[in-house]
Each structure stands twice: as structure tokens, then as C-alpha cells.
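**Student:** Okay, so here is model07.cif, and as you'll see once you scroll down, it has mmCIF, C-alpha atoms.
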data_start
#
loop_
_atom_site.group_PDB
_atom_site.id
_atom_site.type_symbol
_atom_site.label_atom_id
_atom_site.label_comp_id
_atom_site.auth_asym_id
_atom_site.auth_seq_id
_atom_site.Cartn_x
_atom_site.Cartn_y
_atom_site.Cartn_z
ATOM 1 C CA MET A 1 -9.857 6.753 -13.099
ATOM 2 C CA ARG A 2 -10.971 7.913 -9.703
ATOM 3 C CA THR A 3 -8.878 10.761 -8.407
ATOM 4 C CA VAL A 4 -10.135 10.683 -4.861
ATOM 5 C CA THR A 5 -10.310 7.699 -2.590
ATOM 6 C CA ARG A 6 -12.452 8.432 0.473
ATOM 7 C CA LEU A 7 -11.890 6.686 3.742
ATOM 8 C CA ALA A 8 -13.940 7.116 6.882
ATOM 9 C CA GLY A 9 -14.062 5.743 10.410
ATOM 10 C CA PHE A 10 -11.973 3.396 12.486
ATOM 11 C CA ALA A 11 -11.892 -0.374 12.707
ATOM 12 C CA VAL A 12 -13.752 -1.781 15.705
ATOM 13 C CA GLY A 13 -13.390 -5.243 17.183
ATOM 14 C CA LEU A 14 -10.788 -6.652 14.778
ATOM 15 C CA ALA A 15 -9.989 -9.863 16.605
ATOM 16 C CA ALA A 16 -9.942 -13.368 15.106
ATOM 17 C CA ILE A 17 -6.768 -15.046 13.887
ATOM 18 C CA PHE A 18 -5.816 -17.383 11.035
ATOM 19 C CA GLY A 19 -4.127 -20.489 12.341
ATOM 20 C CA THR A 20 -1.918 -20.985 9.310
ATOM 21 C CA THR A 21 1.690 -20.766 8.250
ATOM 22 C CA TYR A 22 3.340 -20.755 4.883
ATOM 23 C CA GLY A 23 6.870 -20.800 3.491
ATOM 24 C CA VAL A 24 7.673 -17.430 1.950
ATOM 25 C CA GLY A 25 11.260 -17.635 3.182
ATOM 26 C CA ARG A 26 12.954 -18.688 6.375
ATOM 27 C CA VAL A 27 14.368 -16.438 9.056
ATOM 28 C CA VAL A 28 16.126 -18.168 11.948
ATOM 29 C CA ASP A 29 14.848 -21.474 10.546
ATOM 30 C CA SER A 30 11.201 -20.485 11.008
ATOM 31 C CA ALA A 31 8.559 -19.878 8.377
ATOM 32 C CA PRO A 32 6.480 -16.687 8.564
ATOM 33 C CA VAL A 33 3.183 -16.926 10.381
ATOM 34 C CA VAL A 34 0.070 -15.404 8.842
ATOM 35 C CA GLU A 35 -2.500 -13.896 11.159
ATOM 36 C CA GLY A 36 -5.704 -12.842 9.427
ATOM 37 C CA ARG A 37 -8.389 -10.626 10.895
ATOM 38 C CA HIS A 38 -11.667 -12.270 10.033
ATOM 39 C CA ASP A 39 -14.181 -9.541 10.731
ATOM 40 C CA GLY A 40 -16.031 -10.512 7.583
ATOM 41 C CA ASP A 41 -16.275 -14.244 8.270
ATOM 42 C CA ALA A 42 -20.028 -14.194 8.742
ATOM 43 C CA ALA A 43 -20.528 -12.274 5.540
ATOM 44 C CA HIS A 44 -18.196 -14.675 3.730
ATOM 45 C CA ALA A 45 -20.165 -17.675 4.919
ATOM 46 C CA THR A 46 -23.589 -16.283 4.057
ATOM 47 C CA GLY A 47 -22.794 -14.106 1.061
ATOM 48 C CA GLU A 48 -24.128 -11.079 2.909
ATOM 49 C CA HIS A 49 -22.297 -7.780 3.173
ATOM 50 C CA ASP A 50 -21.619 -6.219 6.551
ATOM 51 C CA GLU A 51 -22.507 -2.547 6.085
ATOM 52 C CA THR A 52 -20.075 -1.538 8.837
ATOM 53 C CA ALA A 53 -17.286 -2.355 6.373
ATOM 54 C CA ASP A 54 -18.402 0.626 4.287
ATOM 55 C CA ARG A 55 -17.278 2.886 7.113
ATOM 56 C CA LEU A 56 -13.814 1.371 7.412
ATOM 57 C CA PRO A 57 -10.664 2.443 5.602
ATOM 58 C CA GLY A 58 -9.247 -0.047 3.120
ATOM 59 C CA GLY A 59 -6.987 -2.878 4.197
ATOM 60 C CA LEU A 60 -8.311 -3.320 7.730
ATOM 61 C CA LEU A 61 -10.367 -6.415 6.881
ATOM 62 C CA VAL A 62 -9.251 -9.808 5.644
ATOM 63 C CA SER A 63 -12.799 -10.503 4.409
ATOM 64 C CA ASP A 64 -15.250 -8.033 2.862
ATOM 65 C CA ARG A 65 -18.249 -8.207 0.521
ATOM 66 C CA GLY A 66 -17.915 -11.986 0.473
ATOM 67 C CA TYR A 67 -14.282 -11.964 -0.661
ATOM 68 C CA THR A 68 -11.507 -13.288 1.590
ATOM 69 C CA LEU A 69 -7.722 -13.064 1.361
ATOM 70 C CA GLU A 70 -6.342 -16.559 1.993
ATOM 71 C CA PRO A 71 -2.576 -17.219 2.279
ATOM 72 C CA VAL A 72 -1.358 -20.383 0.545
ATOM 73 C CA ASP A 73 1.561 -22.714 1.290
ATOM 74 C CA ALA A 74 4.534 -21.801 -0.898
ATOM 75 C CA PRO A 75 8.223 -22.659 -1.232
ATOM 76 C CA ALA A 76 10.793 -20.626 0.651
ATOM 77 C CA GLY A 77 11.387 -17.298 -1.051
ATOM 78 C CA GLU A 78 7.874 -17.097 -2.466
ATOM 79 C CA PHE A 79 4.680 -15.390 -1.333
ATOM 80 C CA ALA A 80 1.388 -16.988 -2.397
ATOM 81 C CA PHE A 81 -2.286 -16.347 -1.728
ATOM 82 C CA ARG A 82 -5.777 -16.678 -3.149
ATOM 83 C CA ILE A 83 -8.909 -14.574 -3.073
ATOM 84 C CA ALA A 84 -11.933 -16.702 -2.162
ATOM 85 C CA GLY A 85 -15.191 -15.447 -3.620
ATOM 86 C CA PRO A 86 -18.730 -15.420 -2.182
ATOM 87 C CA ASN A 87 -19.159 -19.052 -3.269
ATOM 88 C CA GLY A 88 -16.041 -20.061 -1.320
ATOM 89 C CA ARG A 89 -14.060 -20.924 -4.437
ATOM 90 C CA PRO A 90 -10.926 -19.102 -5.611
ATOM 91 C CA VAL A 91 -11.556 -16.141 -7.881
ATOM 92 C CA THR A 92 -9.913 -16.591 -11.286
ATOM 93 C CA ARG A 93 -11.173 -13.523 -13.176
ATOM 94 C CA TYR A 94 -10.079 -9.988 -12.370
ATOM 95 C CA ASP A 95 -10.405 -6.620 -14.042
ATOM 96 C CA VAL A 96 -7.281 -4.694 -14.976
ATOM 97 C CA ALA A 97 -6.899 -1.608 -12.776
ATOM 98 C CA HIS A 98 -3.954 0.720 -13.306
ATOM 99 C CA ASP A 99 -2.381 -1.704 -15.803
ATOM 100 C CA LYS A 100 -2.460 -4.716 -13.445
ATOM 101 C CA GLN A 101 -4.968 -7.268 -12.186
ATOM 102 C CA MET A 102 -3.426 -7.393 -8.711
ATOM 103 C CA HIS A 103 -1.419 -4.913 -6.666
ATOM 104 C CA LEU A 104 0.276 -6.431 -3.622
ATOM 105 C CA ILE A 105 1.649 -3.922 -1.128
ATOM 106 C CA VAL A 106 3.512 -4.800 2.051
ATOM 107 C CA ALA A 107 4.951 -2.804 4.945
ATOM 108 C CA ARG A 108 6.152 -3.598 8.429
ATOM 109 C CA ARG A 109 3.983 -2.498 11.315
ATOM 110 C CA ASP A 110 6.517 0.262 12.034
ATOM 111 C CA LEU A 111 5.860 1.521 8.445
ATOM 112 C CA SER A 112 9.299 0.517 7.158
ATOM 113 C CA GLY A 113 10.092 -1.962 4.380
ATOM 114 C CA PHE A 114 7.417 -0.776 1.923
ATOM 115 C CA ARG A 115 7.174 -2.786 -1.306
ATOM 116 C CA HIS A 116 4.682 -2.685 -4.164
ATOM 117 C CA VAL A 117 4.763 -5.765 -6.414
ATOM 118 C CA HIS A 118 2.526 -7.502 -8.934
ATOM 119 C CA PRO A 119 2.016 -11.273 -8.524
ATOM 120 C CA GLU A 120 1.253 -13.680 -11.353
ATOM 121 C CA LEU A 121 -2.100 -15.487 -11.448
ATOM 122 C CA ALA A 122 -2.155 -19.266 -11.914
ATOM 123 C CA PRO A 123 -5.164 -20.997 -13.524
ATOM 124 C CA ASP A 124 -6.281 -22.322 -10.124
ATOM 125 C CA GLY A 125 -6.648 -18.776 -8.752
ATOM 126 C CA THR A 126 -3.362 -18.710 -6.819
ATOM 127 C CA TRP A 127 -1.280 -15.541 -6.945
ATOM 128 C CA ARG A 128 2.496 -16.035 -6.649
ATOM 129 C CA VAL A 129 5.435 -13.641 -6.424
ATOM 130 C CA ASP A 130 8.984 -13.603 -5.089
ATOM 131 C CA THR A 131 8.504 -12.693 -1.451
ATOM 132 C CA PRO A 132 8.544 -8.936 -0.838
ATOM 133 C CA LEU A 133 9.005 -9.465 2.918
ATOM 134 C CA ALA A 134 12.530 -8.174 3.466
ATOM 135 C CA GLY A 135 13.528 -9.657 6.801
ATOM 136 C CA PRO A 136 12.005 -10.309 10.215
ATOM 137 C CA GLY A 137 9.152 -8.300 11.640
ATOM 138 C CA GLN A 138 5.418 -7.848 11.880
ATOM 139 C CA TRP A 139 4.181 -7.163 8.356
ATOM 140 C CA ARG A 140 0.871 -6.166 6.825
ATOM 141 C CA ALA A 141 0.118 -7.398 3.290
ATOM 142 C CA PHE A 142 -2.527 -5.606 1.221
ATOM 143 C CA ALA A 143 -4.208 -7.115 -1.850
ATOM 144 C CA ASP A 144 -5.670 -4.335 -4.005
ATOM 145 C CA PHE A 145 -7.861 -5.729 -6.801
ATOM 146 C CA ALA A 146 -11.183 -5.655 -8.646
ATOM 147 C CA PRO A 147 -12.890 -9.037 -9.165
ATOM 148 C CA THR A 148 -14.706 -9.199 -12.480
ATOM 149 C CA GLY A 149 -18.310 -8.279 -11.803
ATOM 150 C CA GLY A 150 -17.523 -6.966 -8.320
ATOM 151 C CA GLU A 151 -16.391 -3.761 -6.649
ATOM 152 C CA PRO A 152 -12.736 -2.797 -6.191
ATOM 153 C CA LEU A 153 -11.460 -4.013 -2.818
ATOM 154 C CA THR A 154 -8.398 -3.816 -0.619
ATOM 155 C CA LEU A 155 -8.029 -6.709 1.826
ATOM 156 C CA GLY A 156 -5.241 -7.026 4.400
ATOM 157 C CA VAL A 157 -3.589 -9.807 6.368
ATOM 158 C CA ASP A 158 -0.865 -9.792 9.034
ATOM 159 C CA VAL A 159 2.321 -11.754 8.396
ATOM 160 C CA THR A 160 4.974 -12.477 11.028
ATOM 161 C CA VAL A 161 8.513 -13.194 9.859
ATOM 162 C CA PRO A 162 10.354 -14.580 12.913
ATOM 163 C CA GLY A 163 13.779 -13.293 13.801
ATOM 164 C CA GLU A 164 15.538 -10.643 15.809
ATOM 165 C CA LEU A 165 14.209 -7.189 15.064
ATOM 166 C CA THR A 166 14.479 -3.747 16.619
ATOM 167 C CA GLU A 167 11.492 -1.538 15.856
ATOM 168 C CA ARG A 168 12.450 1.413 13.698
ATOM 169 C CA PRO A 169 11.196 4.847 14.724
ATOM 170 C CA LEU A 170 8.904 6.698 12.353
ATOM 171 C CA PRO A 171 10.926 9.387 10.562
ATOM 172 C CA ALA A 172 10.003 12.967 11.428
ATOM 173 C CA PRO A 173 7.706 14.878 9.090
ATOM 174 C CA ALA A 174 9.652 16.591 6.311
ATOM 175 C CA THR A 175 8.836 18.668 3.242
ATOM 176 C CA SER A 176 11.347 16.917 0.984
ATOM 177 C CA THR A 177 13.174 13.636 0.676
ATOM 178 C CA THR A 178 15.844 12.134 -1.574
ATOM 179 C CA VAL A 179 16.043 8.800 -3.342
ATOM 180 C CA ASP A 180 18.683 7.690 -5.848
ATOM 181 C CA GLY A 181 19.810 11.256 -6.492
ATOM 182 C CA TYR A 182 16.276 12.553 -7.001
ATOM 183 C CA THR A 183 14.751 15.131 -4.677
ATOM 184 C CA VAL A 184 11.006 14.983 -4.164
ATOM 185 C CA THR A 185 9.286 17.935 -2.497
ATOM 186 C CA LEU A 186 5.862 17.765 -0.894
ATOM 187 C CA THR A 187 3.461 20.697 -0.885
ATOM 188 C CA GLY A 188 0.159 20.520 0.974
ATOM 189 C CA THR A 189 -1.109 19.012 4.206
ATOM 190 C CA PRO A 190 -3.863 16.391 4.477
ATOM 191 C CA GLN A 191 -6.932 17.445 6.442
ATOM 192 C CA PRO A 192 -9.185 14.856 8.128
ATOM 193 C CA GLY A 193 -12.576 14.547 6.448
ATOM 194 C CA ARG A 194 -11.744 16.999 3.671
ATOM 195 C CA THR A 195 -10.287 16.612 0.205
ATOM 196 C CA SER A 196 -6.795 18.113 0.192
ATOM 197 C CA PRO A 197 -4.363 18.520 -2.703
ATOM 198 C CA LEU A 198 -0.930 16.988 -2.210
ATOM 199 C CA THR A 199 1.632 18.003 -4.827
ATOM 200 C CA LEU A 200 4.891 16.093 -5.195
ATOM 201 C CA THR A 201 7.586 17.720 -7.330
ATOM 202 C CA VAL A 202 10.547 15.753 -8.678
ATOM 203 C CA SER A 203 13.964 17.238 -9.430
ATOM 204 C CA ARG A 204 17.452 15.889 -10.090
ATOM 205 C CA ALA A 205 20.751 17.724 -9.615
ATOM 206 C CA GLY A 206 18.776 20.885 -8.967
ATOM 207 C CA GLN A 207 16.840 20.651 -12.244
ATOM 208 C CA PRO A 208 13.131 19.841 -12.557
ATOM 209 C CA VAL A 209 12.333 16.449 -14.069
ATOM 210 C CA THR A 210 9.942 17.155 -16.935
ATOM 211 C CA ASP A 211 10.003 13.735 -18.592
ATOM 212 C CA LEU A 212 8.569 11.374 -16.003
ATOM 213 C CA GLU A 213 7.535 8.092 -17.570
ATOM 214 C CA PRO A 214 4.096 6.479 -17.235
ATOM 215 C CA TYR A 215 3.927 3.909 -14.476
ATOM 216 C CA LEU A 216 0.722 1.941 -13.898
ATOM 217 C CA GLY A 217 -1.138 4.320 -16.189
ATOM 218 C CA ALA A 218 -0.059 7.540 -14.458
ATOM 219 C CA TYR A 219 2.965 9.733 -13.756
ATOM 220 C CA GLY A 220 2.829 8.836 -10.098
ATOM 221 C CA HIS A 221 1.336 6.225 -7.807
ATOM 222 C CA LEU A 222 0.649 7.145 -4.186
ATOM 223 C CA VAL A 223 -0.140 4.946 -1.185
ATOM 224 C CA ALA A 224 -0.697 6.252 2.349
ATOM 225 C CA LEU A 225 -0.735 4.153 5.527
ATOM 226 C CA ARG A 226 -2.011 5.424 8.860
ATOM 227 C CA ARG A 227 0.310 4.927 11.809
ATOM 228 C CA GLY A 228 -1.063 2.416 14.292
ATOM 229 C CA ASP A 229 -3.631 0.328 12.437
ATOM 230 C CA LEU A 230 -2.111 0.768 8.947
ATOM 231 C CA ALA A 231 -5.387 1.892 7.386
ATOM 232 C CA TYR A 232 -4.766 2.003 3.636
ATOM 233 C CA LEU A 233 -5.341 4.950 1.318
ATOM 234 C CA HIS A 234 -4.621 4.573 -2.387
ATOM 235 C CA VAL A 235 -4.982 7.593 -4.673
ATOM 236 C CA HIS A 236 -3.915 8.565 -8.162
ATOM 237 C CA PRO A 237 -3.248 11.931 -9.773
ATOM 238 C CA ASP A 238 -5.745 13.845 -11.840
ATOM 239 C CA GLY A 239 -5.286 13.169 -15.528
ATOM 240 C CA THR A 240 -3.552 10.436 -17.476
ATOM 241 C CA PRO A 241 -0.512 10.338 -19.759
ATOM 242 C CA GLY A 242 -1.429 11.188 -23.335
ATOM 243 C CA ASP A 243 -4.697 12.962 -22.506
ATOM 244 C CA GLY A 244 -3.408 16.218 -23.983
ATOM 245 C CA ARG A 245 -3.356 18.149 -20.734
ATOM 246 C CA THR A 246 -1.355 16.139 -18.197
ATOM 247 C CA ARG A 247 2.310 17.060 -18.093
ATOM 248 C CA PRO A 248 5.011 14.469 -17.338
ATOM 249 C CA GLY A 249 6.388 16.355 -14.347
ATOM 250 C CA PRO A 250 7.951 17.874 -12.509
ATOM 251 C CA ALA A 251 4.798 18.197 -10.357
ATOM 252 C CA VAL A 252 2.245 15.444 -9.760
ATOM 253 C CA THR A 253 -0.837 16.434 -7.758
ATOM 254 C CA PHE A 254 -3.025 14.028 -5.849
ATOM 255 C CA LEU A 255 -6.379 14.650 -4.205
ATOM 256 C CA ALA A 256 -6.723 12.734 -0.966
ATOM 257 C CA GLU A 257 -9.061 12.590 2.005
ATOM 258 C CA VAL A 258 -7.628 11.022 5.137
ATOM 259 C CA PRO A 259 -10.048 9.462 7.635
ATOM 260 C CA SER A 260 -8.694 10.895 10.878
ATOM 261 C CA ALA A 261 -6.119 13.076 12.564
ATOM 262 C CA GLY A 262 -2.762 11.449 13.099
ATOM 263 C CA SER A 263 0.491 10.472 11.439
ATOM 264 C CA TYR A 264 0.609 8.930 7.963
ATOM 265 C CA ARG A 265 3.419 7.560 5.862
ATOM 266 C CA LEU A 266 3.239 8.437 2.141
ATOM 267 C CA TYR A 267 4.903 6.283 -0.516
ATOM 268 C CA LEU A 268 5.245 7.818 -3.994
ATOM 269 C CA ASP A 269 6.233 5.501 -6.846
ATOM 270 C CA PHE A 270 7.528 7.312 -9.934
ATOM 271 C CA GLN A 271 9.396 6.140 -13.017
ATOM 272 C CA HIS A 272 12.281 7.869 -14.778
ATOM 273 C CA GLY A 273 15.070 6.495 -16.937
ATOM 274 C CA GLY A 274 13.274 3.150 -17.118
ATOM 275 C CA ARG A 275 13.391 2.564 -13.358
ATOM 276 C CA VAL A 276 10.795 2.935 -10.630
ATOM 277 C CA ARG A 277 11.801 4.659 -7.394
ATOM 278 C CA THR A 278 9.867 5.156 -4.184
ATOM 279 C CA ALA A 279 9.984 8.415 -2.222
ATOM 280 C CA GLU A 280 8.666 8.281 1.349
ATOM 281 C CA PHE A 281 7.269 11.018 3.580
ATOM 282 C CA THR A 282 5.788 11.262 7.054
ATOM 283 C CA VAL A 283 2.888 13.703 7.285
ATOM 284 C CA VAL A 284 0.687 14.744 10.195
ATOM 285 C CA ALA A 285 -2.987 15.405 9.565
ATOM 286 C CA GLY A 286 -5.093 17.623 11.784
ATOM 287 C CA THR A 287 -2.871 17.842 14.874
ATOM 288 C CA ALA A 288 -0.481 20.437 16.204
ATOM 289 C CA PRO A 289 3.212 19.456 16.333
ATOM 290 C CA THR A 290 4.215 17.566 19.465
ATOM 291 C CA ARG A 291 7.258 15.671 20.668
ATOM 292 C CA ASP A 292 5.951 12.603 18.829
ATOM 293 C CA ASN A 293 4.911 14.598 15.740
ATOM 294 C CA PRO A 294 7.529 17.347 15.361
ATOM 295 C CA THR A 295 7.307 20.307 13.033
ATOM 296 C CA PRO A 296 8.174 19.377 9.433
ATOM 297 C CA SER A 297 11.847 19.951 8.680
ATOM 298 C CA GLY A 298 13.874 20.297 5.513
ATOM 299 C CA PRO A 299 15.201 17.474 3.330
ATOM 300 C CA ALA A 300 15.306 14.017 4.844
ATOM 301 C CA PRO A 301 16.600 10.847 3.208
ATOM 302 C CA THR A 302 14.152 8.251 1.975
ATOM 303 C CA GLY A 303 14.583 4.785 3.481
ATOM 304 C CA GLY A 304 18.184 3.959 4.243
ATOM 305 C CA ALA A 305 19.508 1.611 6.874
ATOM 306 C CA ASP A 306 16.959 2.737 9.423
ATOM 307 C CA HIS A 307 13.840 2.790 7.307
ATOM 308 C CA GLY A 308 13.501 0.689 4.207
ATOM 309 C CA THR A 309 15.581 0.597 1.032
ATOM 310 C CA PRO A 310 15.631 3.682 -1.202
ATOM 311 C CA GLY A 311 15.156 3.282 -4.909
ATOM 312 C CA HIS A 312 13.968 -0.306 -4.730
ATOM 313 C CA GLY A 313 12.716 -1.986 -7.872
ATOM 314 C CA HIS A 314 9.172 -3.110 -8.580
ATOM 315 C CA ASN A 315 7.817 -6.243 -10.149
#
How would this structure read if it were set down as C-alpha cells?

**Tutor:**
Amino acid sequence: MRTVTRLAGFAVGLAAIFGTTYGVGRVVDSAPVVEGRHDGDAAHATGEHDETADRLPGGLLVSDRGYTLEPVDAPAGEFAFRIAGPNGRPVTRYDVAHDKQMHLIVARRDLSGFRHVHPELAPDGTWRVDTPLAGPGQWRAFADFAPTGGEPLTLGVDVTVPGELTERPLPAPATSTTVDGYTVTLTGTPQPGRTSPLTLTVSRAGQPVTDLEPYLGAYGHLVALRRGDLAYLHVHPDGTPGDGRTRPGPAVTFLAEVPSAGSYRLYLDFQHGGRVRTAEFTVVAGTAPTRDNPTPSGPAPTGGADHGTPGHGHN
């Protein structure tokens, strides 16, 4: 298991658009519209790899290393897609990574509405899942996978769910957050271009939680999204359950390297009592506090009416 995921650089010239729609649920009698950024189209057509992709954070491309994320028509209430391989045909064989063959992660462009689900693969290479898109907005969907015989990849596609929506402000940075009666405290600050430890400590009713349960092969699962372009960073803690040295809480430490200064939203999935919860944090990397990025405060609620749903389940 890799404990550090390195990201570097910014996306440049992300322009082209899918002209496709599909029925993953209706909002104001309109189906969501999928808008894919096809920076890797040439590489997909020729089988060649654009080396500039190596300098981009994950999730900024819809096509990379010959693989393309392709949305598929689906009934209302369902989200469906395929991964087209270098030969143009749907990929049907995937390696298991962190207990699953496919991790699908979605968030609105304002970094609210985070969901992490696991679609089911049909024999024809189509992935299907109950739609994780919770209401209208501009969404980004990330497919995190490892095709058999290929490198692990994270591809991203934009999804528009029509309907009336007011953009939700990014919560202020905070050192702790609550979800479902659990308090999660963050220690450490990410530093651009350097590996930085981030430790998340879980407690309940003032007592440390020392019996976290394995989830996706670890005691915690962390995703970070950069404000603005939603560059994707996916890291896991050092050690694995049952290795004789990794404790099941209360602290889970991650090693992460963020690609640039700026604001990031962290999403920690952890399991306890047979249920997965998600704790969310805003962190600022490499910049002094400003009006837009205020000094971290004390406890702040996770999600809620203004920013996602705390304690949501996972598929």
C-alpha cells in the first residue's frame, strides 16, 4: 500500500466538452448533463501517452494513458459509466485496490455533497450505482481504479444536475469537527511540495475511540480536493489492520503532499459500530490567513444543512 500520493503542477488548457446526457435522476424535469474534459483525446485515439499528464494532479483529466471515462445512459436514480481502454473498447478487468475494483467519488464544485460509493461492474464493462448526486448543482465525479495490467488512475468528469441552487460557502478552517456524536481532531498542516503528516484523532463523548474498524483495508480513508479546480489527492495511513503494529485508533496518521498553496477540503471516512462516517475539514496550505482563508478555529460541525450530510452511509 502506498502511503504517499504525490501530486504536482496545475492543469493547463482543459477545454473540450462531452455532448452527452444521461438519466441519473431528474431535477426540475431535466436529466443531468455530463461535460467531460478531453485533454487526453489524442492519446486515446493513438494509444500514446501525453507526458504532461504526469505533471497533473489526479482527477483533472477525463482521458489519460489511453483510458477514458465515458458516461452511459441510465434510468432515473442511477449513475452509469464505462472506462474505455486504449483499444477503444470497455475495460472489463480491474485489480482490487483497497478492497474494491472501483471507487467513485463525487462532490459539488463548491466542495459540498461529498460521497464515496462503489459501483457494480456488469459483464459488458458498465459500472452502475444508485446515483450519489444529491440534488442540483455542478458536480465532479472521480473514478479511481487500476485496470488489470495498467497503472492506477483517477479520471474525472463534470456532471450538471439542473435545478435551483445557491452556492454554499466553503467552511472556515478548523482543527476539529463533529459527525454523528464523534469528534475528529486534526493535527498538522499540509505544506506545498513537501510530505507532511496529518493526524486525525477520533473520540466520542470525550473518550478516545480505540476500536476503529477496518474500512477498505485501513482504519481510515482520506480524500482531499483542491478548491477551484478540484484536483484530487487520495492517501492512506501508514500500516494496515492486523500487521501487528497498527493500532485501531484513536489516531490515524496520513502522509500527504499537496501540489500547491491554497485551500483544500479533507474528507475522512472511518468505520465504528458497523457504520461508516465522514468527517470534513477545510485546511489552508502554504498561505497566511486572509479574509478568504481565516485562522483555524475550534470545533466546527461536519456537513449539515449548509454543507453536505454528516454521517452519510457508503455503498

**Student:** Got a sec: who's within 12 Å of Ala141 (chain A), counting all atoms listed in the file, leaving out chain neighbours fewer than 5 positions off, as a PyMOL selection string?

**Tutor:** chain A and resi 34-37+58-62+69-71+79-81+103-109+111+113-117+131-133+154-160+225+230-232

**Student:** Mind giving me the straight-line distance from CA of Arg65 (chain A) to CA of Glu151 (chain A) in Å, one decimal?

**Tutor:** 8.6 Å

**Student:** Compare A:Pro162, A:Gly188, A:Gly88, A:Pro241 by their minimum atom-to-atom distance to Ala174 (chain A), counting all atoms listed in the file, and give me the closest one.

**Tutor:**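 Of A:Pro162, A:Gly188, A:Gly88, A:Pro241, the one nearest Ala174 (chain A), counting all atoms listed in the file, is A:Gly188.
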
**Student:** Could you tell me which residues the PyMOL selection byres ((chain A and resi 147) around 9) grabs in this file, written as number ranges by chain?

**Tutor:** A: 85, 91-95, 101, 145-146, 148-153

**Student:** For a test of reading the model, state the distance in Å between CA of Ile83 (chain A) and CA of Asp64 (chain A), rounded to one decimal.

**Tutor:**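 Rounded to one decimal, the two atoms are 10.9 Å apart.
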